[in-house]
Amino acid sequence: MSAGDAPMARAKFHAMTEGTEEDWAKVVEANRAFSRTLPDRLLMHLRLLEGDCGGVAVDRMEHSLQTATRAFRDGRDEEYVVCALVHDIGDIRGPSHHADIAAEILKPFVSEQNHWMVQHHGIFQGYYYFHYLGGDRNRRDKFKGHPHYEYTAQFCHLYDQNSFDPAYDAMPLSAFEPMVQRVCAAPQQVVRAPAKVG
Ligand SMILES: [Fe+2]
Ligand SMILES: [Fe+2]
């Protein structure tokens, strides 16, 4: 809040059992304003990917920028490019299910196909390394026949598995910021439950 801004009106209740319609109107208004700054918070979280390489040649931010840049230069649309940029955002908070985290964040803003791709990219990316860790590189094959199988395999092959190159000339995060702002400006999918409060 800058100097001179009126403070946001707040509900009076201290327990939801005391809530009134007037209270909830204030909550809805406050959340509407907060939602508008979601793209800024996403970008802030993306910056947390900076610094740690996890044992590979570039840090997680550089990997994300390279993935998004390759998709952009290949002519993919803006929504796809944002998915490529955000696909590993969960690496910091929940590495073992990082794909689910990214997919859930993007879900209201992207197509079902792009959501599925982000959600399953971890298993599809495993085609390139699970066998070196004693696993089955073909785990993705349980999805054979799924309408988004090839689409997701392509994402990993063309943009994700090859984005660990210190010599690649990736675009800076600032180049993607307007895309994140546009794609994440308004939910595409109907949100049936009200935004969670508390
Ligand atoms: Fe990933
Ligand atoms: Fe990745």
# chains A, B, ... in the order shown; residues from 1 in each chain; ligands from 1

$ residues_around --residues "stretch 39-42 of chain A" --least-positions-apart "3" --cutoff "7 Å" --atoms "only C-alpha atoms" --output "VMD selection string"
chain A and resid 45 to 46 180 to 181 184 to 185

$ write_last_selection --atoms "N, CA and C atoms" --output "PDB file, in the first residue's frame"
ATOM      1  N   HIS A  45       8.162 -16.280  -7.318  1.00  0.00           N
ATOM      2  CA  HIS A  45       8.496 -17.670  -6.992  1.00  0.00           C
ATOM      3  C   HIS A  45       9.437 -18.283  -8.022  1.00  0.00           C
ATOM      4  N   LEU A  46       9.258 -17.875  -9.278  1.00  0.00           N
ATOM      5  CA  LEU A  46      10.174 -18.377 -10.312  1.00  0.00           C
ATOM      6  C   LEU A  46      11.610 -17.971  -9.989  1.00  0.00           C
ATOM      7  N   VAL A 180       3.494 -13.942 -18.862  1.00  0.00           N
ATOM      8  CA  VAL A 180       2.939 -14.470 -17.605  1.00  0.00           C
ATOM      9  C   VAL A 180       1.790 -13.571 -17.157  1.00  0.00           C
ATOM     10  N   GLN A 181       1.992 -12.265 -17.279  1.00  0.00           N
ATOM     11  CA  GLN A 181       0.930 -11.325 -16.886  1.00  0.00           C
ATOM     12  C   GLN A 181      -0.341 -11.573 -17.691  1.00  0.00           C
ATOM     13  N   CYS A 184      -1.842 -15.404 -17.073  1.00  0.00           N
ATOM     14  CA  CYS A 184      -2.340 -15.639 -15.712  1.00  0.00           C
ATOM     15  C   CYS A 184      -3.208 -14.477 -15.210  1.00  0.00           C
ATOM     16  N   ALA A 185      -3.697 -13.664 -16.120  1.00  0.00           N
ATOM     17  CA  ALA A 185      -4.511 -12.509 -15.709  1.00  0.00           C
ATOM     18  C   ALA A 185      -5.900 -12.925 -15.253  1.00  0.00           C
TER      19      ALA A 185
END

$ residues_around --residues "stretch 144-156 of chain A" --least-positions-apart "3" --cutoff "8 Å" --atoms "only C-alpha atoms" --output "PDB file with C-alpha atoms, in the first residue's frame"
ATOM      1  CA  GLN A 113      -4.021 -30.360 -22.856  1.00  0.00           C
ATOM      2  CA  TRP A 116      -1.970 -32.562 -18.620  1.00  0.00           C
ATOM      3  CA  MET A 117       1.394 -31.962 -20.269  1.00  0.00           C
ATOM      4  CA  VAL A 118       2.783 -30.043 -17.302  1.00  0.00           C
ATOM      5  CA  HIS A 120       2.885 -35.534 -16.504  1.00  0.00           C
ATOM      6  CA  HIS A 121       6.138 -34.059 -17.765  1.00  0.00           C
ATOM      7  CA  PHE A 124       7.872 -38.369 -19.621  1.00  0.00           C
ATOM      8  CA  GLN A 125      11.186 -36.680 -18.839  1.00  0.00           C
ATOM      9  CA  ARG A 140       5.397 -43.085 -19.544  1.00  0.00           C
ATOM     10  CA  ASP A 141       4.060 -45.973 -21.618  1.00  0.00           C
ATOM     11  CA  TYR A 159      12.387 -28.306 -25.054  1.00  0.00           C
ATOM     12  CA  ASP A 160      12.907 -29.875 -21.602  1.00  0.00           C
ATOM     13  CA  GLN A 161      15.496 -32.705 -21.808  1.00  0.00           C
TER      14      GLN A 161
END

$ residues_around --residues "A:Phe164" --least-positions-apart "6" --cutoff "7 Å" --atoms "only C-alpha atoms" --output "number ranges by chain"
A: 57-58, 63

$ closest_atom_pairs --of "chain A" --to "ligand 2" --cutoff "12 Å" --atoms "only C-alpha atoms and all ligand atoms" --output "CSV"
residue,atom,partner,partner_atom_place_in_ligand_line,distance
A:Leu49,CA,ligand 2,1 (Fe),11.5
A:Cys53,CA,ligand 2,1 (Fe),11.9
A:Gly54,CA,ligand 2,1 (Fe),11.8
A:Val56,CA,ligand 2,1 (Fe),11.5
A:Val58,CA,ligand 2,1 (Fe),11.4
A:Asp59,CA,ligand 2,1 (Fe),10.9
A:Arg60,CA,ligand 2,1 (Fe),8.1
A:Met61,CA,ligand 2,1 (Fe),9.8
A:Glu62,CA,ligand 2,1 (Fe),10.1
A:His63,CA,ligand 2,1 (Fe),6.5
A:Ser64,CA,ligand 2,1 (Fe),6.4
A:Leu65,CA,ligand 2,1 (Fe),9.9
A:Gln66,CA,ligand 2,1 (Fe),9.4
A:Thr67,CA,ligand 2,1 (Fe),7.1
A:Ala68,CA,ligand 2,1 (Fe),9.9
A:Cys83,CA,ligand 2,1 (Fe),10.7
A:Ala84,CA,ligand 2,1 (Fe),8.1
A:Leu85,CA,ligand 2,1 (Fe),8.9
A:Val86,CA,ligand 2,1 (Fe),9.1
A:His87,CA,ligand 2,1 (Fe),6.4
A:Asp88,CA,ligand 2,1 (Fe),5.5
A:Ile89,CA,ligand 2,1 (Fe),9.2
A:Gly90,CA,ligand 2,1 (Fe),10.4
A:Asp91,CA,ligand 2,1 (Fe),9.3
A:Pro95,CA,ligand 2,1 (Fe),11.4
A:His98,CA,ligand 2,1 (Fe),9.8
A:Ala99,CA,ligand 2,1 (Fe),9.1
A:Ala102,CA,ligand 2,1 (Fe),11.0
A:Met117,CA,ligand 2,1 (Fe),11.9
A:Val118,CA,ligand 2,1 (Fe),9.7
A:Gln119,CA,ligand 2,1 (Fe),11.7
A:His120,CA,ligand 2,1 (Fe),11.4
A:His121,CA,ligand 2,1 (Fe),8.0
A:Gly122,CA,ligand 2,1 (Fe),7.8
A:Ile123,CA,ligand 2,1 (Fe),11.1
A:Phe124,CA,ligand 2,1 (Fe),10.6
A:Gln125,CA,ligand 2,1 (Fe),7.8
A:Gly126,CA,ligand 2,1 (Fe),10.6
A:Tyr128,CA,ligand 2,1 (Fe),11.8
A:Phe155,CA,ligand 2,1 (Fe),9.8
A:Cys156,CA,ligand 2,1 (Fe),7.9
A:His157,CA,ligand 2,1 (Fe),10.8
A:Leu158,CA,ligand 2,1 (Fe),11.4
A:Tyr159,CA,ligand 2,1 (Fe),8.4
A:Asp160,CA,ligand 2,1 (Fe),5.0
A:Gln161,CA,ligand 2,1 (Fe),6.9
A:Asn162,CA,ligand 2,1 (Fe),9.1
A:Ser163,CA,ligand 2,1 (Fe),7.6
A:Phe164,CA,ligand 2,1 (Fe),9.0

$ closest_residue --among "A:Gly94, A:Pro172, A:Gly55, A:Gly19" --to "ligand 1" --atoms "only C-alpha atoms and all ligand atoms"
A:Gly94

$ closest_residue --among "A:Glu112, A:Glu177, A:Asp100, A:Asp136" --to "ligand 1" --atoms "only C-alpha atoms and all ligand atoms"
A:Asp100

$ select_by_dssp --residues "stretch 48-128 of chain A" --states "alpha helix (DSSP H)" --output "NGL selection string"
:A and (60-73 or 78-86 or 98-106 or 112-125)

$ closest_residue --among "A:Leu43, A:Leu133, A:Ile101, A:Val110" --to "A:Val81" --atoms "only C-alpha atoms"
A:Val110

$ closest_residue --among "A:His97, A:Arg73, A:Arg10, A:His115" --to "ligand 1" --atoms "only C-alpha atoms and all ligand atoms"
A:His97

$ closest_residue --among "A:Glu29, A:Ser96, A:Asp74, A:Leu48" --to "ligand 1" --atoms "only C-alpha atoms and all ligand atoms"
A:Ser96

$ residues_around --residues "A:Glu22" --least-positions-apart "4" --cutoff "9 Å" --atoms "only C-alpha atoms" --output "list in words"
Ala11, Lys26 and Val27 of chain A

$ write_last_selection --atoms "C-alpha atoms" --output "mmCIF file, in the first residue's frame"
data_model
loop_
_atom_site.group_PDB
_atom_site.id
_atom_site.type_symbol
_atom_site.label_atom_id
_atom_site.label_comp_id
_atom_site.auth_asym_id
_atom_site.auth_seq_id
_atom_site.Cartn_x
_atom_site.Cartn_y
_atom_site.Cartn_z
ATOM 1 C CA ALA A 11 -14.400 -8.401 7.893
ATOM 2 C CA LYS A 26 -15.368 -7.249 2.122
ATOM 3 C CA VAL A 27 -13.513 -10.582 1.817
#

$ atom_distance --atom1 "atom CA of A:Ser35" --atom2 "atom CA of A:Ala15"
23.5 Å

$ closest_residue --among "A:Ala30, A:Ala71, A:Leu106, A:Met171" --to "A:Ala186" --atoms "only C-alpha atoms"
A:Leu106
